[in-house]
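Data block for start30.txt (compact mmCIF, C-alpha atoms):
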# COMPACT_ATOMS: atom_id res chain seq x y z
CA MET A 1 21.86 -36.49 -5.18
CA ASN A 2 20.34 -34.84 -2.17
CA HIS A 3 23.07 -32.19 -1.87
CA PRO A 4 21.87 -29.96 -4.77
CA ILE A 5 18.28 -30.09 -3.50
CA ARG A 6 19.47 -29.32 -0.01
CA PHE A 7 21.55 -26.43 -1.33
CA ILE A 8 18.59 -25.00 -3.26
CA SER A 9 16.39 -25.30 -0.19
CA ILE A 10 18.90 -23.38 1.87
CA VAL A 11 19.13 -20.66 -0.81
CA LEU A 12 15.34 -20.37 -0.99
CA PHE A 13 15.17 -20.13 2.80
CA LEU A 14 17.76 -17.37 2.84
CA MET A 15 15.94 -15.50 0.06
CA LEU A 16 12.66 -15.69 1.92
CA ALA A 17 14.38 -14.55 5.08
CA ALA A 18 15.90 -11.67 3.16
CA VAL A 19 12.46 -10.66 1.84
CA GLY A 20 11.11 -10.85 5.37
CA SER A 21 13.89 -8.62 6.64
CA VAL A 22 13.22 -6.16 3.83
CA TRP A 23 9.69 -5.68 5.09
CA SER A 24 10.82 -4.88 8.60
CA ALA A 25 10.40 -1.27 9.66
CA ASP A 26 13.84 -0.08 8.53
CA ALA A 27 15.35 1.46 5.44
CA GLY A 28 15.75 -1.94 3.76
CA ASP A 29 12.12 -2.05 2.69
CA SER A 30 12.82 0.70 0.17
CA GLU A 31 14.95 -1.66 -1.90
CA ALA A 32 12.04 -4.05 -2.38
CA CYS A 33 9.77 -1.15 -3.34
CA ALA A 34 12.34 0.17 -5.82
CA SER A 35 12.42 -3.15 -7.67
CA CYS A 36 8.97 -2.29 -9.05
CA HIS A 37 8.72 1.45 -8.54
CA GLU A 38 11.98 2.31 -10.32
CA GLU A 39 10.95 5.73 -11.61
CA LEU A 40 9.50 6.80 -8.28
CA ALA A 41 12.55 5.53 -6.40
CA ALA A 42 14.92 7.40 -8.71
CA LYS A 43 12.94 10.60 -8.24
CA MET A 44 12.90 10.22 -4.49
CA ALA A 45 16.64 9.49 -4.32
CA ALA A 46 17.39 13.14 -5.09
CA THR A 47 15.16 14.46 -2.31
CA ALA A 48 15.81 15.04 1.37
CA HIS A 49 14.01 11.78 2.10
CA GLY A 50 16.18 9.85 -0.33
CA LEU A 51 19.42 11.41 0.90
CA THR A 52 18.65 10.36 4.47
CA GLN A 53 17.50 6.82 3.75
CA ARG A 54 20.53 5.14 5.28
CA GLY A 55 19.62 4.39 8.83
CA ALA A 56 16.34 6.24 8.42
CA PRO A 57 12.83 4.80 8.18
CA GLY A 58 11.93 3.40 4.78
CA CYS A 59 8.79 3.21 2.67
CA GLN A 60 6.86 1.15 5.20
CA SER A 61 7.20 3.89 7.76
CA CYS A 62 4.45 5.66 5.80
CA HIS A 63 2.97 2.84 3.69
CA GLU A 64 1.68 -0.17 5.62
CA ASN A 65 0.85 -3.69 4.41
CA GLY A 66 3.79 -3.78 2.02
CA ALA A 67 4.11 -7.56 2.21
CA ALA A 68 0.44 -8.08 1.32
CA HIS A 69 0.80 -5.61 -1.55
CA MET A 70 3.82 -7.51 -2.85
CA ASP A 71 2.23 -10.94 -2.44
CA ALA A 72 -0.83 -9.74 -4.39
CA GLY A 73 1.33 -8.85 -7.37
CA GLY A 74 1.28 -5.14 -6.64
CA ASP A 75 -2.43 -4.78 -5.97
CA PRO A 76 -2.84 -1.07 -5.05
CA ALA A 77 -5.78 -1.91 -2.79
CA GLN A 78 -3.41 -3.77 -0.47
CA ILE A 79 -1.08 -0.85 0.27
CA THR A 80 -1.92 1.88 2.76
CA LYS A 81 -1.54 5.45 1.50
CA PRO A 82 -1.30 8.13 4.22
CA ALA A 83 -3.98 10.78 3.79
CA GLY A 84 -5.74 13.43 5.81
CA ALA A 85 -5.07 13.65 9.52
CA LYS A 86 -3.54 10.16 9.56
CA GLY A 87 -1.10 11.15 6.83
CA GLU A 88 -0.17 14.29 8.72
CA ALA A 89 0.47 12.20 11.83
CA ALA A 90 2.85 10.03 9.78
CA CYS A 91 4.83 13.13 8.76
CA LEU A 92 4.93 14.55 12.28
CA SER A 93 6.15 11.26 13.72
CA CYS A 94 9.55 12.17 12.23
CA HIS A 95 9.34 15.93 11.92
CA ALA A 96 9.12 16.64 15.64
CA ALA A 97 10.39 20.20 15.25
CA VAL A 98 7.36 21.05 13.11
CA GLN A 99 5.09 19.23 15.52
CA ASN A 100 6.36 21.38 18.38
CA ARG A 101 5.51 24.56 16.44
CA THR A 102 2.17 23.43 15.06
CA LEU A 103 -0.29 23.84 17.91
CA PRO A 104 -3.73 22.35 17.19
CA SER A 105 -5.41 25.01 19.34
CA GLY A 106 -4.00 27.97 17.43
CA ALA A 107 -2.51 26.93 14.10
CA ALA A 108 -4.38 28.32 11.13
CA HIS A 109 -3.58 25.60 8.63
CA PRO A 110 -4.70 22.55 10.64
CA ALA A 111 -7.87 24.43 11.58
CA ALA A 112 -8.58 24.90 7.87
CA ALA A 113 -7.83 21.20 7.14
CA ILE A 114 -4.65 22.11 5.24
CA ARG A 115 -2.41 19.05 5.44
CA CYS A 116 1.28 18.46 4.79
CA PHE A 117 0.56 16.90 1.37
CA ASP A 118 -1.17 20.06 0.15
CA CYS A 119 2.19 21.85 -0.01
CA HIS A 120 4.82 19.10 0.16
CA SER A 121 5.51 16.18 -2.14
CA VAL A 122 6.86 13.20 -0.21
CA HIS A 123 8.42 11.50 -3.21
CA GLY A 124 9.88 14.56 -4.91
CA ALA A 125 8.73 17.85 -6.39
CA LYS A 126 9.46 20.45 -9.02
CA ALA A 127 10.89 22.84 -6.44
CA ALA A 128 14.18 21.07 -5.80
CA ASP A 129 14.90 21.98 -2.21
CA ARG A 130 15.06 20.26 1.15
CA ALA A 131 11.53 21.35 1.95
CA MET A 132 10.27 19.19 -0.94
CA LEU A 133 7.61 21.73 -1.89
CA LYS A 134 5.29 21.21 -4.85
CA ALA A 135 6.07 24.73 -6.07
CA GLN A 136 7.84 27.87 -4.91
CA PRO A 137 6.68 28.87 -1.40
CA SER A 138 4.91 32.10 -2.34
CA ASP A 139 3.14 30.46 -5.29
CA LEU A 140 1.76 27.85 -2.92
CA CYS A 141 0.59 30.44 -0.39
CA LEU A 142 -1.17 32.55 -3.00
CA THR A 143 -3.21 29.63 -4.32
CA CYS A 144 -5.33 30.03 -1.18
CA HIS A 145 -4.68 33.62 -0.10
CA ALA A 146 -6.34 35.45 -3.00
CA ASP A 147 -6.66 38.81 -1.20
CA GLN A 148 -2.94 38.94 -0.53
CA LYS A 149 -2.19 37.97 -4.12
CA ALA A 150 -4.17 41.00 -5.31
CA ALA A 151 -2.40 43.24 -2.79
CA PHE A 152 1.05 42.22 -4.06
CA ALA A 153 0.07 43.53 -7.50
CA ARG A 154 -0.27 47.07 -6.15
CA PRO A 155 2.46 49.59 -7.00
CA TYR A 156 3.81 50.30 -3.51
CA GLY A 157 5.14 47.85 -0.97
CA HIS A 158 6.62 44.40 -1.30
CA ASN A 159 7.13 42.85 -4.70
CA LEU A 160 7.35 39.07 -4.88
CA LYS A 161 8.67 39.12 -8.43
CA ASN A 162 12.05 40.62 -7.51
CA GLY A 163 12.94 37.54 -5.45
CA GLY A 164 13.93 39.49 -2.36
CA VAL A 165 10.88 38.93 -0.17
CA GLY A 166 8.50 36.00 -0.06
CA CYS A 167 5.60 34.93 2.12
CA VAL A 168 7.82 32.75 4.32
CA SER A 169 10.14 35.72 4.92
CA CYS A 170 7.53 37.01 7.35
CA HIS A 171 5.23 34.06 8.05
CA ASP A 172 5.91 30.62 9.47
CA PRO A 173 3.40 28.28 7.78
CA HIS A 174 3.81 25.73 10.59
CA ALA A 175 3.45 28.16 13.49
CA GLY A 176 0.53 28.16 15.84
CA LYS A 177 0.83 31.66 17.27
CA GLY A 178 -2.20 33.42 15.89
CA VAL A 179 -3.83 33.36 12.49
CA LYS A 180 -1.11 35.43 10.80
CA SER A 181 1.69 33.17 12.11
CA LEU A 182 4.22 36.00 11.97
CA LYS A 183 7.84 35.21 12.66
CA LEU A 184 9.21 36.85 15.80
CA ASP A 185 12.87 37.48 16.57
CA HIS A 186 14.61 36.77 19.88
CA ALA A 187 13.33 40.09 21.24
CA GLY A 188 9.75 39.28 20.32
CA GLN A 189 9.64 41.83 17.51
CA GLY A 190 7.88 41.15 14.24
CA PRO A 191 9.47 40.50 10.85
CA CYS A 192 9.37 44.11 9.58
CA VAL A 193 12.50 45.14 11.47
CA THR A 194 14.41 42.16 10.12
CA CYS A 195 14.74 44.09 6.85
CA HIS A 196 14.02 47.61 8.08
CA ALA A 197 16.68 47.48 10.79
CA GLU A 198 16.96 51.26 11.13
CA LYS A 199 13.44 51.27 12.57
CA ARG A 200 14.12 48.53 15.11
CA GLY A 201 15.03 50.62 18.13
CA PRO A 202 14.91 50.60 21.06
CA PHE A 203 14.32 54.34 21.05
CA VAL A 204 14.35 56.72 24.00
CA PHE A 205 11.10 58.11 22.61
CA PRO A 206 9.33 55.30 20.75
CA HIS A 207 6.38 55.87 18.45
CA VAL A 208 3.85 53.07 18.84
CA GLY A 209 6.53 50.37 19.18
CA ASP A 210 4.01 47.53 19.66
CA THR A 211 2.63 49.18 22.84
CA ALA A 212 -0.46 50.65 21.21
CA GLY A 213 -0.10 49.29 17.70
CA SER A 214 2.42 47.94 15.24
CA CYS A 215 3.87 48.64 11.80
CA MET A 216 0.59 47.47 10.31
CA SER A 217 -1.22 50.29 12.11
CA CYS A 218 0.08 52.61 9.39
CA HIS A 219 1.32 50.34 6.60
CA GLU A 220 -0.26 47.71 4.38
CA PRO A 221 2.33 44.93 4.45
CA HIS A 222 1.44 43.16 1.21
CA GLY A 223 1.10 46.21 -0.99
CA SER A 224 -0.73 49.50 -1.29
CA VAL A 225 -1.86 52.08 -3.83
CA LYS A 226 -0.49 54.79 -1.52
CA PRO A 227 3.19 55.83 -1.36
CA SER A 228 5.22 54.17 1.41
CA ALA A 229 2.52 51.49 1.48
CA LEU A 230 0.45 53.62 3.85
CA THR A 231 -3.13 52.77 4.75
CA ARG A 232 -4.24 56.34 3.94
CA THR A 233 -3.61 58.53 0.91
CA ARG A 234 -2.82 61.63 2.98
CA VAL A 235 -0.35 61.48 5.85
CA ASP A 236 -2.36 63.86 8.05
CA GLN A 237 -5.43 61.64 7.76
CA LEU A 238 -3.38 58.74 8.99
CA CYS A 239 -1.90 60.66 11.92
CA LEU A 240 -5.27 62.06 12.95
CA GLU A 241 -6.68 58.57 13.41
CA CYS A 242 -4.82 58.64 16.73
CA HIS A 243 -3.88 62.28 17.31
CA SER A 244 -7.33 63.79 17.34
CA PRO A 245 -9.78 64.90 20.04
CA LEU A 246 -12.59 63.47 17.88
CA THR A 247 -11.74 59.88 18.74
CA GLY A 248 -12.78 58.15 21.95
CA GLY A 249 -9.18 57.76 23.08
CA THR A 250 -5.97 59.27 21.81
CA LEU A 251 -2.42 57.96 21.72
CA GLY A 252 -0.72 61.33 21.93
CA SER A 253 -1.17 65.08 21.96
CA GLN A 254 -3.40 66.76 19.39
CA PRO A 255 -2.01 69.13 16.76
CA PRO A 256 -1.53 72.64 18.20
CA SER A 257 -3.89 75.41 17.14
CA ILE A 258 -1.32 76.96 14.82
CA HIS A 259 -1.57 73.82 12.66
CA ASP A 260 -4.48 74.80 10.45
CA LEU A 261 -5.10 71.50 8.69
CA ARG A 262 -7.04 73.29 5.98
CA SER A 263 -3.69 74.52 4.72
CA PRO A 264 -1.68 72.04 2.58
CA ARG A 265 1.53 73.00 4.40
CA TYR A 266 0.33 71.17 7.51
CA ARG A 267 -0.93 68.05 5.78
CA GLU A 268 2.47 66.40 5.40
CA CYS A 269 3.23 65.74 9.06
CA THR A 270 6.46 63.89 8.36
CA VAL A 271 8.05 66.94 6.72
CA CYS A 272 8.74 68.18 10.26
CA HIS A 273 8.31 65.01 12.29
CA VAL A 274 11.06 63.25 10.38
CA ALA A 275 11.82 60.60 13.01
CA ILE A 276 8.28 59.29 12.95
CA HIS A 277 9.30 55.71 13.77
CA GLY A 278 11.10 56.78 16.95
CA SER A 279 13.70 59.24 18.20
CA ASN A 280 16.48 59.32 20.75
CA THR A 281 16.50 63.14 21.09
CA SER A 282 13.02 64.54 20.42
CA THR A 283 9.73 63.76 22.13
CA LEU A 284 7.95 65.17 19.08
CA PHE A 285 10.05 63.10 16.65
CA LEU A 286 11.46 66.25 15.07
CA LYS A 287 14.92 64.75 14.76
In structure tokens, what does this structure look like?
Amino acid sequence: MNHPIRFISIVLFLMLAAVGSVWSADAGDSEACASCHEELAAKMAATAHGLTQRGAPGCQSCHENGAAHMDAGGDPAQITKPAGAKGEAACLSCHAAVQNRTLPSGAAHPAAAIRCFDCHSVHGAKAADRAMLKAQPSDLCLTCHADQKAAFARPYGHNLKNGGVGCVSCHDPHAGKGVKSLKLDHAGQGPCVTCHAEKRGPFVFPHVGDTAGSCMSCHEPHGSVKPSALTRTRVDQLCLECHSPLTGGTLGSQPPSIHDLRSPRYRECTVCHVAIHGSNTSTLFLK
């Protein structure tokens, strides 16, 4: 008579032990969560988090007090939801590569209280990619960067609608190197020459070349109303910002006296100075 009772007691003990093991800090806790949160678990299974669950931290790695939440019949007040700086710390505890790039002293996003959850969805998102973004990268960026959004609508320059260039093509949202967080290649050059390789150099006779300016000294990177996305409507006005005796300091020689800038023939400097980004044969960038 005692054997069935004894057997049931053993089974109950094993079940309780199993529940206890589920709530240890390993991937097993996700199974207990999924028994109630079926829809959320199914959604997460298709994400990078779900695909790496085996051997990886489970739900309790981010949500604490799971056992109390379960014992209280699913009382939401009993479960800890990562938020703010604490939530970001939970993300960075696994994503060490991002943590190494995000420097609190220089990163623009942490300084503006932009947290991981503002762009990423932990349990799954519409943008089905390994980054688990809430939307396409550029759409997310432009929700905050209104000035840049307006610039992209201009006729000359980069066009986000063609799918070739996006915000993250040039910027690293997790970087801490300056407010613009521009991506640099192995040579320390900016992102412009990644696409415009013919202007990369090195040149025997460089023009600017990050010594006294950069591509943005002459071009508006997000878009412009001027051809070639220049910062000035007329080329000579742009050149004379540096090549003029009227400024406090100049970056090169002034136009010779034969260049009467009142004449339209001398206002298109690049008609003659064709290698304006740099030359290997001409100090005046004539070829």
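Every protein or nucleic acid residue with an atom no more than 8 Å from region 180-194 of chain A, counting only C-alpha atoms and leaving out same-chain residues fewer than 4 positions away, appears here: Ala107, Ala108, Ser169, Cys170, His171, Asp172, Pro173, His174, Ala175, Gly176, Glu198, Lys199, Arg200 and Cys215 of chain A.
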Pick out the residues sitting within 6 Å of Met44 (chain A), and hand them over as a ChimeraX atom specification; count only C-alpha atoms, and ignore anything fewer than 4 positions along from it in its own chain. /A:50,123-124
Box in all listed atoms of region 257-262 of chain A, axis-aligned, with 4 Å more on each side; write out centre and edge lengths in Å to one decimal as JSON.
{"center_x": -4.2, "center_y": 74.2, "center_z": 11.6, "size_x": 13.7, "size_y": 13.5, "size_z": 19.2}
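Of the listed residues (A:His207, A:His219, A:Arg130, A:His259), A:His207 comes nearest to Ile276 (chain A); the distances count only C-alpha atoms.
CA of His37 (chain A) sits 28.2 Å away from CA of Ile114 (chain A).
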Tell me, as a PyMOL selection string, which residues lie within 8 Å of Lys226 (chain A), counting all atoms listed in the file; anything in the same chain fewer than 6 positions away does not count. chain A and resi 156+232-233
For C-alpha atoms, I'd like the residues from the last selection saved as a PDB file, in the frame of the given file.
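Saved to again-v4.pdb:
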ATOM      1  CA  TYR A 156       3.810  50.300  -3.510  1.00  0.00           C
ATOM      2  CA  ARG A 232      -4.240  56.340   3.940  1.00  0.00           C
ATOM      3  CA  THR A 233      -3.610  58.530   0.910  1.00  0.00           C
TER       4      THR A 233
END
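Counting from CA of Asp147 (chain A), the distance to CA of Cys218 (chain A) is 18.7 Å.
The smallest atom-to-atom distance between Gly157 (chain A) and any of A:Lys43, A:His222, A:Arg115, A:His109, using all atoms listed in the file, is found for A:His222.
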May I have the residues within 9 Å of Gly87 (chain A) as a PDB file with C-alpha atoms, in the coordinates of the input, using only C-alpha atoms and disregarding those fewer than 5 positions away in the same chain?
ATOM      1  CA  CYS A  62       4.450   5.660   5.800  1.00  0.00           C
ATOM      2  CA  LYS A  81      -1.540   5.450   1.500  1.00  0.00           C
ATOM      3  CA  PRO A  82      -1.300   8.130   4.220  1.00  0.00           C
ATOM      4  CA  LEU A  92       4.930  14.550  12.280  1.00  0.00           C
ATOM      5  CA  ARG A 115      -2.410  19.050   5.440  1.00  0.00           C
ATOM      6  CA  CYS A 116       1.280  18.460   4.790  1.00  0.00           C
ATOM      7  CA  PHE A 117       0.560  16.900   1.370  1.00  0.00           C
TER       8      PHE A 117
END
As a check of understanding: the span from CA of Cys36 (chain A) to CA of Thr80 (chain A) is 16.6 Å
Neighbour list for Ala151 (chain A) as a VMD selection string, cut-off 7 Å, only C-alpha atoms, skip fewer than 2 positions in-chain: chain A and resid 147 to 149 153 to 154 222 to 224
Using only C-alpha atoms for the distances, tell me which of A:Gly66, A:Met216, A:Ala48, A:Asp260 is nearest to Thr231 (chain A). A:Met216
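Shortest atom-to-atom contact with Val208 (chain A) among A:Gly278, A:Pro110, A:Pro227, A:Pro76: A:Gly278, counting all atoms listed in the file.
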My list of candidates is A:Lys134, A:His273, A:His196, A:Arg262. Which is closest to Phe285 (chain A) when distances are computed with all atoms listed in the file? A:His273
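Each of A:Ala42, A:Val225, A:Cys119, A:Met70 was checked against Pro155 (chain A) using all atoms listed in the file; the smallest atom-to-atom distance is that of A:Val225.
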Dump of region 107-230 of chain A from preceding block, C-alpha atoms, as a PDB file, in the first residue's frame:
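That gives us result_30.pdb:
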ATOM      1  CA  ALA A 107      29.976  57.957 -27.015  1.00  0.00           C
ATOM      2  CA  ALA A 108      27.165  60.170 -28.227  1.00  0.00           C
ATOM      3  CA  HIS A 109      24.278  57.807 -27.605  1.00  0.00           C
ATOM      4  CA  PRO A 110      24.935  56.990 -23.930  1.00  0.00           C
ATOM      5  CA  ALA A 111      25.514  60.695 -23.282  1.00  0.00           C
ATOM      6  CA  ALA A 112      22.049  61.390 -24.713  1.00  0.00           C
ATOM      7  CA  ALA A 113      20.487  58.565 -22.627  1.00  0.00           C
ATOM      8  CA  ILE A 114      19.857  56.465 -25.751  1.00  0.00           C
ATOM      9  CA  ARG A 115      19.726  52.861 -24.570  1.00  0.00           C
ATOM     10  CA  CYS A 116      19.924  49.514 -26.342  1.00  0.00           C
ATOM     11  CA  PHE A 117      16.138  49.033 -26.139  1.00  0.00           C
ATOM     12  CA  ASP A 118      15.489  52.244 -28.062  1.00  0.00           C
ATOM     13  CA  CYS A 119      16.759  50.597 -31.251  1.00  0.00           C
ATOM     14  CA  HIS A 120      16.792  46.859 -30.527  1.00  0.00           C
ATOM     15  CA  SER A 121      14.000  44.477 -29.612  1.00  0.00           C
ATOM     16  CA  VAL A 122      15.253  41.708 -27.329  1.00  0.00           C
ATOM     17  CA  HIS A 123      12.407  39.315 -28.066  1.00  0.00           C
ATOM     18  CA  GLY A 124      12.134  39.889 -31.800  1.00  0.00           C
ATOM     19  CA  ALA A 125      11.435  42.702 -34.241  1.00  0.00           C
ATOM     20  CA  LYS A 126       9.982  43.547 -37.620  1.00  0.00           C
ATOM     21  CA  ALA A 127      13.430  43.920 -39.158  1.00  0.00           C
ATOM     22  CA  ALA A 128      14.367  40.251 -39.326  1.00  0.00           C
ATOM     23  CA  ASP A 129      18.127  40.355 -38.982  1.00  0.00           C
ATOM     24  CA  ARG A 130      20.744  39.339 -36.456  1.00  0.00           C
ATOM     25  CA  ALA A 131      20.873  42.860 -35.083  1.00  0.00           C
ATOM     26  CA  MET A 132      17.244  42.480 -33.922  1.00  0.00           C
ATOM     27  CA  LEU A 133      16.418  46.086 -34.791  1.00  0.00           C
ATOM     28  CA  LYS A 134      12.942  47.519 -34.331  1.00  0.00           C
ATOM     29  CA  ALA A 135      13.060  48.931 -37.866  1.00  0.00           C
ATOM     30  CA  GLN A 136      15.518  49.412 -40.708  1.00  0.00           C
ATOM     31  CA  PRO A 137      18.732  51.081 -39.454  1.00  0.00           C
ATOM     32  CA  SER A 138      18.357  54.378 -41.303  1.00  0.00           C
ATOM     33  CA  ASP A 139      14.699  54.711 -40.298  1.00  0.00           C
ATOM     34  CA  LEU A 140      15.741  54.377 -36.667  1.00  0.00           C
ATOM     35  CA  CYS A 141      18.514  56.948 -36.998  1.00  0.00           C
ATOM     36  CA  LEU A 142      16.278  59.514 -38.671  1.00  0.00           C
ATOM     37  CA  THR A 143      13.667  59.370 -35.913  1.00  0.00           C
ATOM     38  CA  CYS A 144      16.111  61.446 -33.850  1.00  0.00           C
ATOM     39  CA  HIS A 145      18.327  63.094 -36.465  1.00  0.00           C
ATOM     40  CA  ALA A 146      15.768  65.388 -38.101  1.00  0.00           C
ATOM     41  CA  ASP A 147      18.326  67.714 -39.733  1.00  0.00           C
ATOM     42  CA  GLN A 148      19.964  64.818 -41.547  1.00  0.00           C
ATOM     43  CA  LYS A 149      16.578  63.497 -42.636  1.00  0.00           C
ATOM     44  CA  ALA A 150      15.854  66.839 -44.315  1.00  0.00           C
ATOM     45  CA  ALA A 151      19.291  66.842 -45.946  1.00  0.00           C
ATOM     46  CA  PHE A 152      18.736  63.414 -47.521  1.00  0.00           C
ATOM     47  CA  ALA A 153      15.706  64.832 -49.333  1.00  0.00           C
ATOM     48  CA  ARG A 154      17.902  67.255 -51.278  1.00  0.00           C
ATOM     49  CA  PRO A 155      18.583  66.518 -54.960  1.00  0.00           C
ATOM     50  CA  TYR A 156      22.355  65.996 -54.833  1.00  0.00           C
ATOM     51  CA  GLY A 157      24.310  63.582 -52.701  1.00  0.00           C
ATOM     52  CA  HIS A 158      23.390  60.335 -51.033  1.00  0.00           C
ATOM     53  CA  ASN A 159      19.940  58.865 -51.475  1.00  0.00           C
ATOM     54  CA  LEU A 160      18.721  56.436 -48.832  1.00  0.00           C
ATOM     55  CA  LYS A 161      15.817  55.262 -50.971  1.00  0.00           C
ATOM     56  CA  ASN A 162      17.996  53.471 -53.526  1.00  0.00           C
ATOM     57  CA  GLY A 163      19.220  51.017 -50.880  1.00  0.00           C
ATOM     58  CA  GLY A 164      22.886  51.491 -51.654  1.00  0.00           C
ATOM     59  CA  VAL A 165      23.929  53.714 -48.752  1.00  0.00           C
ATOM     60  CA  GLY A 166      22.548  53.891 -45.244  1.00  0.00           C
ATOM     61  CA  CYS A 167      23.465  55.681 -42.040  1.00  0.00           C
ATOM     62  CA  VAL A 168      25.425  52.692 -40.723  1.00  0.00           C
ATOM     63  CA  SER A 169      27.465  52.613 -43.946  1.00  0.00           C
ATOM     64  CA  CYS A 170      29.393  55.577 -42.565  1.00  0.00           C
ATOM     65  CA  HIS A 171      28.558  55.704 -38.862  1.00  0.00           C
ATOM     66  CA  ASP A 172      29.025  53.178 -36.083  1.00  0.00           C
ATOM     67  CA  PRO A 173      26.128  53.747 -33.657  1.00  0.00           C
ATOM     68  CA  HIS A 174      28.059  52.020 -30.860  1.00  0.00           C
ATOM     69  CA  ALA A 175      31.343  53.864 -31.350  1.00  0.00           C
ATOM     70  CA  GLY A 176      32.738  56.315 -28.877  1.00  0.00           C
ATOM     71  CA  LYS A 177      35.166  58.204 -31.098  1.00  0.00           C
ATOM     72  CA  GLY A 178      33.615  61.630 -31.345  1.00  0.00           C
ATOM     73  CA  VAL A 179      30.042  62.769 -31.767  1.00  0.00           C
ATOM     74  CA  LYS A 180      29.813  61.728 -35.435  1.00  0.00           C
ATOM     75  CA  SER A 181      31.096  58.196 -34.709  1.00  0.00           C
ATOM     76  CA  LEU A 182      32.465  57.830 -38.231  1.00  0.00           C
ATOM     77  CA  LYS A 183      33.820  54.477 -39.293  1.00  0.00           C
ATOM     78  CA  LEU A 184      37.549  54.472 -40.022  1.00  0.00           C
ATOM     79  CA  ASP A 185      39.405  51.935 -42.141  1.00  0.00           C
ATOM     80  CA  HIS A 186      42.694  50.246 -41.237  1.00  0.00           C
ATOM     81  CA  ALA A 187      44.584  53.303 -42.509  1.00  0.00           C
ATOM     82  CA  GLY A 188      42.558  55.661 -40.355  1.00  0.00           C
ATOM     83  CA  GLN A 189      40.700  57.146 -43.319  1.00  0.00           C
ATOM     84  CA  GLY A 190      37.033  58.027 -43.159  1.00  0.00           C
ATOM     85  CA  PRO A 191      34.147  56.223 -44.843  1.00  0.00           C
ATOM     86  CA  CYS A 192      34.017  58.388 -47.995  1.00  0.00           C
ATOM     87  CA  VAL A 193      36.884  56.560 -49.687  1.00  0.00           C
ATOM     88  CA  THR A 194      35.264  53.204 -49.003  1.00  0.00           C
ATOM     89  CA  CYS A 195      32.923  53.940 -51.911  1.00  0.00           C
ATOM     90  CA  HIS A 196      34.899  56.664 -53.689  1.00  0.00           C
ATOM     91  CA  ALA A 197      38.043  54.556 -53.939  1.00  0.00           C
ATOM     92  CA  GLU A 198      39.551  56.580 -56.788  1.00  0.00           C
ATOM     93  CA  LYS A 199      39.951  59.473 -54.358  1.00  0.00           C
ATOM     94  CA  ARG A 200      41.649  57.415 -51.667  1.00  0.00           C
ATOM     95  CA  GLY A 201      45.279  58.038 -52.525  1.00  0.00           C
ATOM     96  CA  PRO A 202      47.934  58.244 -51.305  1.00  0.00           C
ATOM     97  CA  PHE A 203      48.872  60.933 -53.788  1.00  0.00           C
ATOM     98  CA  VAL A 204      52.292  62.438 -54.441  1.00  0.00           C
ATOM     99  CA  PHE A 205      50.564  65.825 -54.297  1.00  0.00           C
ATOM    100  CA  PRO A 206      47.561  65.506 -51.981  1.00  0.00           C
ATOM    101  CA  HIS A 207      44.845  68.123 -51.744  1.00  0.00           C
ATOM    102  CA  VAL A 208      43.709  68.515 -48.138  1.00  0.00           C
ATOM    103  CA  GLY A 209      43.927  64.773 -47.407  1.00  0.00           C
ATOM    104  CA  ASP A 210      42.875  65.142 -43.749  1.00  0.00           C
ATOM    105  CA  THR A 211      45.912  67.361 -43.002  1.00  0.00           C
ATOM    106  CA  ALA A 212      44.039  70.650 -43.105  1.00  0.00           C
ATOM    107  CA  GLY A 213      40.505  69.412 -43.647  1.00  0.00           C
ATOM    108  CA  SER A 214      38.513  66.488 -44.948  1.00  0.00           C
ATOM    109  CA  CYS A 215      35.944  65.585 -47.594  1.00  0.00           C
ATOM    110  CA  MET A 216      33.362  67.475 -45.561  1.00  0.00           C
ATOM    111  CA  SER A 217      35.371  70.679 -46.008  1.00  0.00           C
ATOM    112  CA  CYS A 218      33.898  70.896 -49.507  1.00  0.00           C
ATOM    113  CA  HIS A 219      30.996  68.433 -49.564  1.00  0.00           C
ATOM    114  CA  GLU A 220      27.765  68.064 -47.624  1.00  0.00           C
ATOM    115  CA  PRO A 221      27.695  64.336 -46.885  1.00  0.00           C
ATOM    116  CA  HIS A 222      23.959  63.864 -46.360  1.00  0.00           C
ATOM    117  CA  GLY A 223      22.751  65.853 -49.333  1.00  0.00           C
ATOM    118  CA  SER A 224      22.961  69.271 -50.946  1.00  0.00           C
ATOM    119  CA  VAL A 225      21.090  71.600 -53.279  1.00  0.00           C
ATOM    120  CA  LYS A 226      24.377  72.195 -55.132  1.00  0.00           C
ATOM    121  CA  PRO A 227      25.793  69.858 -57.797  1.00  0.00           C
ATOM    122  CA  SER A 228      28.382  67.354 -56.550  1.00  0.00           C
ATOM    123  CA  ALA A 229      26.942  67.944 -53.075  1.00  0.00           C
ATOM    124  CA  LEU A 230      29.204  70.968 -52.636  1.00  0.00           C
TER     125      LEU A 230
END
